[in-house]
>>> print(open('query-v8.pdb').read())   # PDB, C-alpha atoms
MODEL        1
ATOM      1  CA  MET A   1     -14.839  48.566  -3.288
ATOM      2  CA  PRO A   2     -13.371  51.028  -5.798
ATOM      3  CA  ARG A   3     -15.848  53.629  -6.989
ATOM      4  CA  PHE A   4     -15.607  54.333 -10.706
ATOM      5  CA  TRP A   5     -17.331  57.046 -12.744
ATOM      6  CA  HIS A   6     -20.563  54.971 -13.065
ATOM      7  CA  ASP A   7     -20.799  54.776  -9.276
ATOM      8  CA  LEU A   8     -20.778  58.547  -8.694
ATOM      9  CA  GLN A   9     -23.883  60.721  -8.362
ATOM     10  CA  ILE A  10     -24.397  64.372  -9.073
ATOM     11  CA  GLY A  11     -24.741  66.351  -5.862
ATOM     12  CA  GLU A  12     -22.774  63.752  -3.909
ATOM     13  CA  ARG A  13     -20.768  65.266  -1.053
ATOM     14  CA  PHE A  14     -17.553  64.379   0.713
ATOM     15  CA  THR A  15     -15.934  65.898   3.808
ATOM     16  CA  THR A  16     -12.181  66.047   4.340
ATOM     17  CA  GLU A  17     -10.108  65.615   7.466
ATOM     18  CA  ASN A  18      -8.644  68.671   9.217
ATOM     19  CA  ARG A  19      -5.121  69.984   8.936
ATOM     20  CA  ILE A  20      -3.571  72.698  11.110
ATOM     21  CA  LEU A  21      -1.189  75.192   9.513
ATOM     22  CA  SER A  22       1.370  75.960  12.207
ATOM     23  CA  GLU A  23       3.415  79.142  12.291
ATOM     24  CA  ALA A  24       6.493  77.045  11.491
ATOM     25  CA  ALA A  25       4.786  75.553   8.419
ATOM     26  CA  ILE A  26       3.645  79.001   7.247
ATOM     27  CA  LEU A  27       7.153  80.443   7.610
ATOM     28  CA  GLU A  28       8.777  77.447   5.921
ATOM     29  CA  PHE A  29       6.521  77.699   2.860
ATOM     30  CA  ALA A  30       6.849  81.489   2.725
ATOM     31  CA  LYS A  31      10.670  81.404   2.825
ATOM     32  CA  GLU A  32      10.777  78.988  -0.080
ATOM     33  CA  PHE A  33       7.870  80.143  -2.247
ATOM     34  CA  ASP A  34       6.253  83.401  -1.127
ATOM     35  CA  PRO A  35       8.683  85.642   0.794
ATOM     36  CA  GLN A  36       6.411  88.628   1.363
ATOM     37  CA  PRO A  37       6.260  90.472   4.716
ATOM     38  CA  TYR A  38       2.710  89.389   5.620
ATOM     39  CA  HIS A  39       3.769  85.722   5.321
ATOM     40  CA  LEU A  40       7.178  86.107   7.019
ATOM     41  CA  ASP A  41       7.062  88.782   9.700
ATOM     42  CA  ARG A  42       4.354  89.223  12.329
ATOM     43  CA  ALA A  43       4.980  92.934  12.920
ATOM     44  CA  ALA A  44       4.903  93.766   9.219
ATOM     45  CA  ALA A  45       1.829  91.567   8.762
ATOM     46  CA  ARG A  46      -0.086  93.575  11.379
ATOM     47  CA  GLU A  47       0.422  96.685   9.250
ATOM     48  CA  SER A  48      -0.741  94.900   6.103
ATOM     49  CA  ILE A  49      -4.115  94.346   4.450
ATOM     50  CA  PHE A  50      -4.378  90.961   6.250
ATOM     51  CA  GLY A  51      -3.881  92.206   9.843
ATOM     52  CA  ASP A  52      -1.650  89.371  11.076
ATOM     53  CA  LEU A  53       0.830  86.716   9.958
ATOM     54  CA  CYS A  54      -0.984  84.529   7.431
ATOM     55  CA  ALA A  55      -0.275  81.661   5.069
ATOM     56  CA  SER A  56       0.445  82.134   1.382
ATOM     57  CA  GLY A  57      -2.751  81.602  -0.604
ATOM     58  CA  TRP A  58      -0.915  78.958  -2.621
ATOM     59  CA  GLN A  59      -0.036  77.065   0.563
ATOM     60  CA  VAL A  60      -3.693  77.185   1.586
ATOM     61  CA  SER A  61      -4.795  75.888  -1.826
ATOM     62  CA  ALA A  62      -2.174  73.127  -1.906
ATOM     63  CA  THR A  63      -3.118  72.055   1.623
ATOM     64  CA  VAL A  64      -6.834  72.015   0.854
ATOM     65  CA  MET A  65      -6.328  70.035  -2.344
ATOM     66  CA  CYS A  66      -4.163  67.559  -0.435
ATOM     67  CA  LEU A  67      -7.102  67.059   1.955
ATOM     68  CA  VAL A  68      -9.499  66.724  -1.002
ATOM     69  CA  ASN A  69      -7.349  64.038  -2.620
ATOM     70  CA  GLN A  70      -7.114  62.140   0.663
ATOM     71  CA  ALA A  71     -10.893  62.305   1.209
ATOM     72  CA  LEU A  72     -11.665  60.995  -2.281
ATOM     73  CA  HIS A  73      -9.015  58.321  -1.945
ATOM     74  CA  SER A  74     -10.396  57.171   1.412
ATOM     75  CA  GLN A  75     -13.838  56.842  -0.236
ATOM     76  CA  GLU A  76     -12.131  54.754  -2.959
ATOM     77  CA  VAL A  77     -13.077  57.174  -5.739
ATOM     78  CA  VAL A  78     -10.743  56.301  -8.611
ATOM     79  CA  VAL A  79      -9.258  59.736  -9.348
ATOM     80  CA  VAL A  80      -6.610  59.727 -12.062
ATOM     81  CA  GLU A  81      -5.592  63.341 -11.472
ATOM     82  CA  ILE A  82      -6.761  66.913 -11.008
ATOM     83  CA  ALA A  83      -6.796  68.271 -14.541
ATOM     84  CA  ALA A  84      -7.739  71.911 -13.988
ATOM     85  CA  VAL A  85      -9.068  74.549 -11.646
ATOM     86  CA  PRO A  86     -11.651  76.592 -13.595
ATOM     87  CA  SER A  87     -11.917  79.049 -10.714
ATOM     88  CA  MET A  88     -10.514  79.655  -7.246
ATOM     89  CA  ARG A  89     -11.037  82.543  -4.827
ATOM     90  CA  TRP A  90      -9.243  83.293  -1.607
ATOM     91  CA  LYS A  91     -11.950  84.567   0.741
ATOM     92  CA  ALA A  92     -10.183  85.118   4.055
ATOM     93  CA  PRO A  93      -6.622  84.904   5.387
ATOM     94  CA  VAL A  94      -5.443  81.727   7.149
ATOM     95  CA  PHE A  95      -3.541  82.597  10.322
ATOM     96  CA  ALA A  96      -1.014  80.537  12.312
ATOM     97  CA  ASP A  97      -2.580  77.444  13.930
ATOM     98  CA  ASP A  98      -5.842  77.757  12.003
ATOM     99  CA  SER A  99      -7.343  74.348  11.232
ATOM    100  CA  LEU A 100      -8.466  73.760   7.647
ATOM    101  CA  SER A 101     -11.080  71.348   6.341
ATOM    102  CA  ALA A 102     -13.220  71.226   3.212
ATOM    103  CA  GLU A 103     -16.526  70.096   1.746
ATOM    104  CA  ILE A 104     -16.585  68.649  -1.768
ATOM    105  CA  GLU A 105     -19.707  68.462  -3.932
ATOM    106  CA  LEU A 106     -19.880  66.828  -7.363
ATOM    107  CA  THR A 107     -21.532  69.377  -9.647
ATOM    108  CA  ASP A 108     -21.160  67.956 -13.165
ATOM    109  CA  LEU A 109     -20.422  64.327 -14.008
ATOM    110  CA  GLY A 110     -19.528  64.924 -17.649
ATOM    111  CA  SER A 111     -20.143  62.198 -20.207
ATOM    112  CA  SER A 112     -18.346  59.255 -21.708
ATOM    113  CA  SER A 113     -16.829  59.748 -25.152
ATOM    114  CA  ALA A 114     -14.862  56.508 -25.372
ATOM    115  CA  PRO A 115     -15.142  53.557 -23.004
ATOM    116  CA  ASP A 116     -11.451  53.479 -22.137
ATOM    117  CA  GLN A 117     -10.937  57.195 -21.453
ATOM    118  CA  PRO A 118     -11.112  58.774 -17.999
ATOM    119  CA  ILE A 119     -13.938  61.295 -17.675
ATOM    120  CA  ALA A 120     -13.705  64.916 -16.549
ATOM    121  CA  VAL A 121     -15.967  65.486 -13.534
ATOM    122  CA  GLU A 122     -16.463  68.908 -11.973
ATOM    123  CA  ALA A 123     -16.661  69.514  -8.255
ATOM    124  CA  ARG A 124     -17.033  72.504  -5.964
ATOM    125  CA  VAL A 125     -14.726  72.706  -2.965
ATOM    126  CA  GLU A 126     -15.331  75.026  -0.013
ATOM    127  CA  ALA A 127     -12.620  75.151   2.634
ATOM    128  CA  TYR A 128     -13.182  76.470   6.145
ATOM    129  CA  ASN A 129     -11.199  77.453   9.190
ATOM    130  CA  GLN A 130     -12.066  76.273  12.719
ATOM    131  CA  HIS A 131     -14.613  79.113  13.021
ATOM    132  CA  LYS A 132     -16.460  77.782   9.954
ATOM    133  CA  ALA A 133     -15.492  80.861   7.966
ATOM    134  CA  VAL A 134     -14.847  80.124   4.283
ATOM    135  CA  VAL A 135     -11.164  80.679   3.456
ATOM    136  CA  VAL A 136     -10.994  79.475  -0.145
ATOM    137  CA  THR A 137     -13.450  78.160  -2.737
ATOM    138  CA  LEU A 138     -12.468  76.172  -5.788
ATOM    139  CA  GLN A 139     -14.149  74.707  -8.805
ATOM    140  CA  ILE A 140     -12.036  71.727  -9.851
ATOM    141  CA  ARG A 141     -11.983  69.287 -12.760
ATOM    142  CA  LEU A 142     -11.094  65.710 -11.845
ATOM    143  CA  LEU A 143     -10.332  62.861 -14.210
ATOM    144  CA  ILE A 144     -12.148  59.706 -13.033
ATOM    145  CA  ARG A 145     -11.681  56.175 -14.369
ATOM    146  CA  GLN A 146     -14.751  54.658 -16.005
ATOM    147  CA  ALA A 147     -14.512  51.048 -14.964
ATOM    148  CA  GLU A 148     -12.381  48.218 -13.699
ATOM    149  CA  GLY A 149     -10.040  47.117 -16.457
ATOM    150  CA  ALA A 150     -10.211  50.429 -18.308
ATOM    151  CA  PRO A 151      -6.701  51.841 -18.583
ATOM    152  CA  GLU A 152      -6.142  54.799 -16.306
ATOM    153  CA  TYR A 153      -4.544  56.793 -19.093
ATOM    154  CA  ALA A 154      -4.665  57.060 -22.851
ATOM    155  CA  ALA A 155      -2.209  54.692 -24.516
TER     156      ALA A 155
ATOM    157  CA  MET B 156       6.532 111.879 -18.890
ATOM    158  CA  GLN B 157       8.685 110.500 -16.086
ATOM    159  CA  PRO B 158      10.036 106.964 -16.579
ATOM    160  CA  ARG B 159       8.501 104.499 -14.093
ATOM    161  CA  PRO B 160      11.028 101.723 -13.507
ATOM    162  CA  TYR B 161       9.526 100.354 -10.294
ATOM    163  CA  ILE B 162       6.859  97.907 -11.367
ATOM    164  CA  ARG B 163       5.482  97.249  -7.940
ATOM    165  CA  SER B 164       5.329 100.817  -6.732
ATOM    166  CA  ARG B 165       3.040 101.979  -9.511
ATOM    167  CA  TRP B 166      -0.517 103.095  -8.934
ATOM    168  CA  PHE B 167      -3.366 101.186 -10.545
ATOM    169  CA  GLU B 168      -3.747 103.996 -13.061
ATOM    170  CA  ASP B 169      -0.141 103.656 -14.243
ATOM    171  CA  ILE B 170      -0.227  99.941 -15.116
ATOM    172  CA  PRO B 171      -0.944  99.581 -18.844
ATOM    173  CA  ILE B 172      -3.079  96.875 -20.408
ATOM    174  CA  GLY B 173      -0.952  94.827 -22.778
ATOM    175  CA  GLU B 174       2.235  95.120 -20.721
ATOM    176  CA  PHE B 175       4.107  91.817 -21.083
ATOM    177  CA  HIS B 176       6.860  90.368 -18.892
ATOM    178  CA  VAL B 177       9.092  87.307 -19.053
ATOM    179  CA  PHE B 178       9.743  87.239 -15.340
ATOM    180  CA  GLY B 179      11.664  84.111 -14.447
ATOM    181  CA  THR B 180      12.871  80.598 -15.158
ATOM    182  CA  HIS B 181      13.203  77.565 -12.935
ATOM    183  CA  THR B 182      14.647  74.062 -13.382
ATOM    184  CA  PHE B 183      12.838  71.428 -11.310
ATOM    185  CA  SER B 184      15.064  68.865  -9.613
ATOM    186  CA  GLU B 185      13.822  65.391  -8.695
ATOM    187  CA  LEU B 186      14.607  66.110  -5.038
ATOM    188  CA  GLU B 187      12.482  69.252  -4.810
ATOM    189  CA  ILE B 188       9.606  67.557  -6.654
ATOM    190  CA  ILE B 189       9.662  64.762  -4.071
ATOM    191  CA  GLU B 190       9.992  67.168  -1.122
ATOM    192  CA  PHE B 191       6.985  69.198  -2.233
ATOM    193  CA  GLY B 192       5.041  66.035  -3.011
ATOM    194  CA  GLU B 193       5.639  64.533   0.413
ATOM    195  CA  LYS B 194       4.223  67.644   2.088
ATOM    196  CA  TYR B 195       1.365  68.636  -0.218
ATOM    197  CA  ALA B 196       0.716  65.990  -2.864
ATOM    198  CA  PRO B 197       1.730  62.562  -1.554
ATOM    199  CA  GLU B 198       0.669  60.515  -4.571
ATOM    200  CA  VAL B 199       3.313  58.145  -5.933
ATOM    201  CA  HIS B 200       3.663  60.027  -9.228
ATOM    202  CA  HIS B 201       5.026  62.964  -7.188
ATOM    203  CA  THR B 202       7.022  61.067  -4.557
ATOM    204  CA  ASP B 203       8.325  57.701  -5.794
ATOM    205  CA  PRO B 204      10.389  57.619  -9.012
ATOM    206  CA  VAL B 205      10.116  53.829  -9.339
ATOM    207  CA  ALA B 206       6.420  53.353  -8.554
ATOM    208  CA  ALA B 207       5.668  56.402 -10.742
ATOM    209  CA  ARG B 208       6.660  54.409 -13.848
ATOM    210  CA  ASP B 209       3.329  52.552 -13.663
ATOM    211  CA  THR B 210       1.211  55.701 -13.405
ATOM    212  CA  ILE B 211      -0.487  58.006 -15.859
ATOM    213  CA  HIS B 212       2.648  59.924 -16.921
ATOM    214  CA  HIS B 213       5.092  56.959 -16.771
ATOM    215  CA  GLY B 214       7.414  58.750 -14.362
ATOM    216  CA  ILE B 215       7.689  61.255 -11.574
ATOM    217  CA  ILE B 216       6.252  64.721 -12.280
ATOM    218  CA  ALA B 217       5.901  67.937 -10.299
ATOM    219  CA  SER B 218       2.617  68.559  -8.521
ATOM    220  CA  GLY B 219       0.632  71.307 -10.233
ATOM    221  CA  TRP B 220       0.616  73.241  -6.959
ATOM    222  CA  HIS B 221       4.410  73.050  -6.906
ATOM    223  CA  ILE B 222       4.514  74.724 -10.331
ATOM    224  CA  ASN B 223       2.241  77.466  -9.031
ATOM    225  CA  ALA B 224       4.304  77.897  -5.862
ATOM    226  CA  ILE B 225       7.369  78.421  -8.067
ATOM    227  CA  TRP B 226       5.342  80.920 -10.140
ATOM    228  CA  MET B 227       4.726  82.826  -6.904
ATOM    229  CA  ARG B 228       8.395  82.787  -5.890
ATOM    230  CA  LEU B 229       9.600  84.034  -9.261
ATOM    231  CA  MET B 230       6.921  86.736  -9.260
ATOM    232  CA  VAL B 231       7.919  87.944  -5.784
ATOM    233  CA  ASP B 232      11.615  88.017  -6.749
ATOM    234  CA  TYR B 233      10.825  89.933  -9.938
ATOM    235  CA  MET B 234       8.654  92.464  -8.153
ATOM    236  CA  GLU B 235      11.190  92.969  -5.379
ATOM    237  CA  ARG B 236      13.932  93.581  -7.885
ATOM    238  CA  PHE B 237      11.901  96.332  -9.469
ATOM    239  CA  ALA B 238      10.704  97.824  -6.166
ATOM    240  CA  GLN B 239      14.157  98.210  -4.626
ATOM    241  CA  GLY B 240      14.977 101.685  -3.452
ATOM    242  CA  VAL B 241      11.347 102.720  -3.158
ATOM    243  CA  GLN B 242      10.298 103.370   0.389
ATOM    244  CA  ASP B 243       6.620 102.654  -0.193
ATOM    245  CA  GLY B 244       7.429 100.017  -2.761
ATOM    246  CA  ARG B 245       4.261  97.924  -2.513
ATOM    247  CA  ARG B 246       1.265  99.322  -4.201
ATOM    248  CA  ASN B 247       0.055  96.100  -5.829
ATOM    249  CA  GLY B 248       0.288  92.380  -5.525
ATOM    250  CA  ALA B 249      -2.241  90.728  -3.223
ATOM    251  CA  GLY B 250      -4.122  88.078  -5.216
ATOM    252  CA  VAL B 251      -7.896  87.732  -4.884
ATOM    253  CA  GLY B 252      -8.724  84.836  -7.154
ATOM    254  CA  ILE B 253      -7.761  82.951 -10.283
ATOM    255  CA  LYS B 254      -9.539  81.465 -13.259
ATOM    256  CA  ASP B 255      -8.865  78.763 -15.854
ATOM    257  CA  LEU B 256      -5.845  77.192 -14.177
ATOM    258  CA  VAL B 257      -4.811  74.294 -16.392
ATOM    259  CA  TRP B 258      -1.749  72.072 -16.190
ATOM    260  CA  HIS B 259      -1.324  71.189 -19.860
ATOM    261  CA  GLN B 260       1.848  69.101 -19.824
ATOM    262  CA  PRO B 261       3.739  67.132 -17.188
ATOM    263  CA  VAL B 262       6.829  68.769 -15.652
ATOM    264  CA  ARG B 263       9.533  66.165 -15.124
ATOM    265  CA  PRO B 264      12.846  66.337 -13.239
ATOM    266  CA  GLY B 265      15.278  68.487 -15.195
ATOM    267  CA  HIS B 266      12.610  70.430 -17.044
ATOM    268  CA  THR B 267      13.135  74.182 -17.176
ATOM    269  CA  LEU B 268      10.080  76.432 -17.188
ATOM    270  CA  THR B 269       9.956  80.036 -18.350
ATOM    271  CA  PHE B 270       7.171  82.145 -16.840
ATOM    272  CA  THR B 271       5.381  85.066 -18.483
ATOM    273  CA  TYR B 272       2.536  87.401 -17.648
ATOM    274  CA  GLU B 273       0.541  89.989 -19.531
ATOM    275  CA  ILE B 274      -1.839  92.615 -18.127
ATOM    276  CA  ILE B 275      -5.136  91.896 -19.909
ATOM    277  CA  GLU B 276      -7.865  93.810 -18.065
ATOM    278  CA  LYS B 277      -8.463  96.574 -15.517
ATOM    279  CA  SER B 278     -11.870  96.538 -13.887
ATOM    280  CA  ASP B 279     -13.879  99.550 -12.710
ATOM    281  CA  ARG B 280     -14.402  98.021  -9.258
ATOM    282  CA  VAL B 281     -13.060  99.929  -6.274
ATOM    283  CA  VAL B 282     -12.390  97.807  -3.186
ATOM    284  CA  ARG B 283     -12.362  99.292   0.334
ATOM    285  CA  ASN B 284     -11.985 102.771  -1.038
ATOM    286  CA  LYS B 285      -8.372 102.022  -1.854
ATOM    287  CA  TRP B 286      -7.800  99.280  -4.382
ATOM    288  CA  GLY B 287      -8.448  98.664  -8.049
ATOM    289  CA  MET B 288      -8.420  95.224  -9.679
ATOM    290  CA  ILE B 289      -6.039  94.108 -12.402
ATOM    291  CA  LYS B 290      -6.214  90.868 -14.342
ATOM    292  CA  SER B 291      -3.164  89.202 -15.872
ATOM    293  CA  ARG B 292      -2.717  86.126 -18.028
ATOM    294  CA  ASN B 293       0.078  83.903 -16.768
ATOM    295  CA  GLU B 294       1.784  81.147 -18.714
ATOM    296  CA  ALA B 295       4.696  78.774 -18.253
ATOM    297  CA  PHE B 296       6.571  77.102 -21.102
ATOM    298  CA  ASN B 297       9.025  74.221 -20.937
ATOM    299  CA  GLN B 298      12.370  73.921 -22.733
ATOM    300  CA  TYR B 299      10.574  72.518 -25.797
ATOM    301  CA  ASN B 300       8.482  75.712 -25.931
ATOM    302  CA  GLU B 301       5.328  73.773 -24.999
ATOM    303  CA  LEU B 302       2.734  75.534 -22.874
ATOM    304  CA  VAL B 303       2.685  73.607 -19.573
ATOM    305  CA  MET B 304       0.572  75.803 -17.278
ATOM    306  CA  SER B 305      -1.737  78.800 -17.642
ATOM    307  CA  PHE B 306      -4.224  80.829 -15.618
ATOM    308  CA  THR B 307      -5.506  84.346 -15.095
ATOM    309  CA  ILE B 308      -5.297  86.091 -11.736
ATOM    310  CA  ASP B 309      -7.013  89.139 -10.238
ATOM    311  CA  ILE B 310      -4.713  91.228  -8.068
ATOM    312  CA  LEU B 311      -5.320  94.363  -6.054
ATOM    313  CA  ALA B 312      -3.513  97.529  -7.087
ATOM    314  CA  GLU B 313      -3.662 100.705  -5.055
ATOM    315  CA  LEU B 314      -5.516 103.596  -6.639
ATOM    316  CA  ASN B 315      -3.888 106.969  -6.830
ATOM    317  CA  PRO B 316      -5.543 108.834  -3.903
ATOM    318  CA  GLN B 317      -5.803 111.929  -6.062
ATOM    319  CA  ASN B 318      -8.461 110.176  -8.139
ATOM    320  CA  LEU B 319     -10.480 108.729  -5.262
ATOM    321  CA  SER B 320     -12.648 111.543  -3.938
ATOM    322  CA  GLY B 321     -16.344 110.847  -4.199
ATOM    323  CA  VAL B 322     -16.263 107.443  -5.975
ATOM    324  CA  GLU B 323     -18.606 104.677  -4.867
ATOM    325  CA  THR B 324     -16.755 101.770  -3.317
ATOM    326  CA  GLU B 325     -17.324  98.157  -2.351
ATOM    327  CA  PRO B 326     -16.758  97.300   1.319
ATOM    328  CA  HIS B 327     -15.341  93.828   0.749
ATOM    329  CA  VAL B 328     -13.150  92.057  -1.746
TER     330      VAL B 328
ENDMDL
END
>>> encode(input="query-v8.pdb", output="structure tokens")
Amino acid sequence: MPRFWHDLQIGERFTTENRILSEAAILEFAKEFDPQPYHLDRAAARESIFGDLCASGWQVSATVMCLVNQALHSQEVVVVEIAAVPSMRWKAPVFADDSLSAEIELTDLGSSSAPDQPIAVEARVEAYNQHKAVVVTLQIRLLIRQAEGAPEYAA
Amino acid sequence: MQPRPYIRSRWFEDIPIGEFHVFGTHTFSELEIIEFGEKYAPEVHHTDPVAARDTIHHGIIASGWHINAIWMRLMVDYMERFAQGVQDGRRNGAGVGIKDLVWHQPVRPGHTLTFTYEIIEKSDRVVRNKWGMIKSRNEAFNQYNELVMSFTIDILAELNPQNLSGVETEPHV
């Protein structure tokens, strides 16, 4: 059954699936979007602040948010879209073949202003590698539909 | 005073608050929107131009993370251009965190974004006895001059070693 805004509870938690970032995936993203030595070249990366070849922070964030969307979708939470990211911090580098997963916690359910408008709900996302070290944390704002029959967007 | 043309090779101390850059433009094609969507944001409003008509924005739009990935690419290209010819050309750049990232307007196929940043703050923190922290405000505007994306980012910038003796430092970022 679809879960609308009324069905959500503050403090509710969700866990995502895992996704591995392969060296090939890291290099592919870096060539297109973030061509810096520590994302492209293992030898140069070892001399850098990160210590080894690692994924672009933006690739890590996009991957984690993809997992978050899938987890909410699989729980039938009726997310209209991610509206904003009030804060995000990259805590540790993600190296080739690291496996990412995330925990989501609903921290603020917002309130209804009009019955047909989606509501902004805040959630905290903590993403981990396979060693359970935190790699990125995000505070996100999700738009959630209020009820069956309510339009999913403003007319 | 010596001119300092190499943006990325400057020490923390040499980067002025208020400095403003228009650092790149990018036109989003439908194909690249779909390619990014299939890998990182596989919802129909990023991947299926027909099904997207019945969604919130009535058509296919770029994933927000795609816009930010393009921001990164244009920033790297801009910095590289201004660091060319400098042997130790990388004294700043690694991002630590961002705040207030908002996607204000949809970016549709054919839209052209212009990206800007402004240095807005330099903190007193010293990280690992080597780095200072600089905050910039980043914005992207579409061809109608509407603000479509904005955020602030904290980046590390290397401190001039001449100024470092005896300061208290933080061990971790």
>>> interface_residues(input="query-v8.pdb", of="chain A", to="chain B", cutoff="10 Å", atoms="only C-alpha atoms", output="PyMOL selection string")
chain A and resi 29-36+49-50+56-59+61-67+69-70+80-92+136-141+151-155
>>> write_last_selection(input="query-v8.pdb", atoms="C-alpha atoms", output="compact mmCIF listing (two decimals), keeping the file's coordinate frame")
# COMPACT_ATOMS: atom_id res chain seq x y z
CA PHE A 29 6.52 77.70 2.86
CA ALA A 30 6.85 81.49 2.72
CA LYS A 31 10.67 81.40 2.82
CA GLU A 32 10.78 78.99 -0.08
CA PHE A 33 7.87 80.14 -2.25
CA ASP A 34 6.25 83.40 -1.13
CA PRO A 35 8.68 85.64 0.79
CA GLN A 36 6.41 88.63 1.36
CA ILE A 49 -4.12 94.35 4.45
CA PHE A 50 -4.38 90.96 6.25
CA SER A 56 0.44 82.13 1.38
CA GLY A 57 -2.75 81.60 -0.60
CA TRP A 58 -0.92 78.96 -2.62
CA GLN A 59 -0.04 77.06 0.56
CA SER A 61 -4.80 75.89 -1.83
CA ALA A 62 -2.17 73.13 -1.91
CA THR A 63 -3.12 72.06 1.62
CA VAL A 64 -6.83 72.02 0.85
CA MET A 65 -6.33 70.04 -2.34
CA CYS A 66 -4.16 67.56 -0.44
CA LEU A 67 -7.10 67.06 1.96
CA ASN A 69 -7.35 64.04 -2.62
CA GLN A 70 -7.11 62.14 0.66
CA VAL A 80 -6.61 59.73 -12.06
CA GLU A 81 -5.59 63.34 -11.47
CA ILE A 82 -6.76 66.91 -11.01
CA ALA A 83 -6.80 68.27 -14.54
CA ALA A 84 -7.74 71.91 -13.99
CA VAL A 85 -9.07 74.55 -11.65
CA PRO A 86 -11.65 76.59 -13.60
CA SER A 87 -11.92 79.05 -10.71
CA MET A 88 -10.51 79.66 -7.25
CA ARG A 89 -11.04 82.54 -4.83
CA TRP A 90 -9.24 83.29 -1.61
CA LYS A 91 -11.95 84.57 0.74
CA ALA A 92 -10.18 85.12 4.06
CA VAL A 136 -10.99 79.47 -0.14
CA THR A 137 -13.45 78.16 -2.74
CA LEU A 138 -12.47 76.17 -5.79
CA GLN A 139 -14.15 74.71 -8.80
CA ILE A 140 -12.04 71.73 -9.85
CA ARG A 141 -11.98 69.29 -12.76
CA PRO A 151 -6.70 51.84 -18.58
CA GLU A 152 -6.14 54.80 -16.31
CA TYR A 153 -4.54 56.79 -19.09
CA ALA A 154 -4.66 57.06 -22.85
CA ALA A 155 -2.21 54.69 -24.52
>>> closest_residue(input="query-v8.pdb", among="B:Ala207, B:Ile172, B:Leu311, B:Val303", to="Trp286 (chain B)", atoms="all atoms listed in the file")
B:Leu311
>>> residues_around(input="query-v8.pdb", residues="region 116-131 of chain A", least_positions_apart="4", cutoff="6 Å", atoms="all atoms listed in the file", output="list in words")
Ser99, Leu100, Ser101, Ala102, Glu103, Ile104, Glu105, Leu106, Thr107, Asp108, Leu109, Gly110, Val135, Val136, Thr137, Leu138, Gln139, Ile140, Arg141, Leu142, Leu143, Ile144, Arg145, Gln146 and Ala150 of chain A
>>> residues_around(input="query-v8.pdb", residues="Ser278 (chain B)", least_positions_apart="4", cutoff="12 Å", atoms="all atoms listed in the file", output="MDAnalysis selection string")
chainID B and resid 167:168 172 274 282 286:291 309:312 314
>>> axis_aligned_box(input="query-v8.pdb", around="region 299-316 of chain B", padding_each_side="6 Å", output="AutoDock Vina command-line options")
--center_x 1.8 --center_y 90.7 --center_z -14.9 --size_x 29.6 --size_y 48.3 --size_z 34.0
>>> atom_distance(input="query-v8.pdb", atom1="CA of Glu276 (chain B)", atom2="CA of Val60 (chain A)")
26.1 Å
>>> closest_residue(input="query-v8.pdb", among="A:Lys132, A:Arg46, A:His39, A:His73", to="Pro2 (chain A)", atoms="all atoms listed in the file")
A:His73
>>> atom_distance(input="query-v8.pdb", atom1="CA of Ala71 (chain A)", atom2="CA of Arg3 (chain A)")
12.9 Å
>>> resolve_selection(input="query-v8.pdb", expression="the PyMOL selection byres ((chain B and resi 270) around 8)", output="ChimeraX atom specification")
/B:177-180,226,268-269,271-272,293-296
>>> closest_residue(input="query-v8.pdb", among="B:Arg236, B:Thr182, B:Glu313, B:Ile216", to="Arg263 (chain B)", atoms="all atoms listed in the file")
B:Ile216
>>> residues_around(input="query-v8.pdb", residues="region 19-27 of chain A", least_positions_apart="6", cutoff="6 Å", atoms="all atoms listed in the file", output="tab-separated table (two decimals) with C-alpha atoms, in the coordinates of the input")
chain	number	residue	atom	x	y	z
A	40	LEU	CA	7.18	86.11	7.02
A	55	ALA	CA	-0.28	81.66	5.07
A	96	ALA	CA	-1.01	80.54	12.31
A	97	ASP	CA	-2.58	77.44	13.93
A	98	ASP	CA	-5.84	77.76	12.00
A	99	SER	CA	-7.34	74.35	11.23
A	100	LEU	CA	-8.47	73.76	7.65
>>> atom_distance(input="query-v8.pdb", atom1="CA of Trp166 (chain B)", atom2="CA of Val281 (chain B)")
13.2 Å
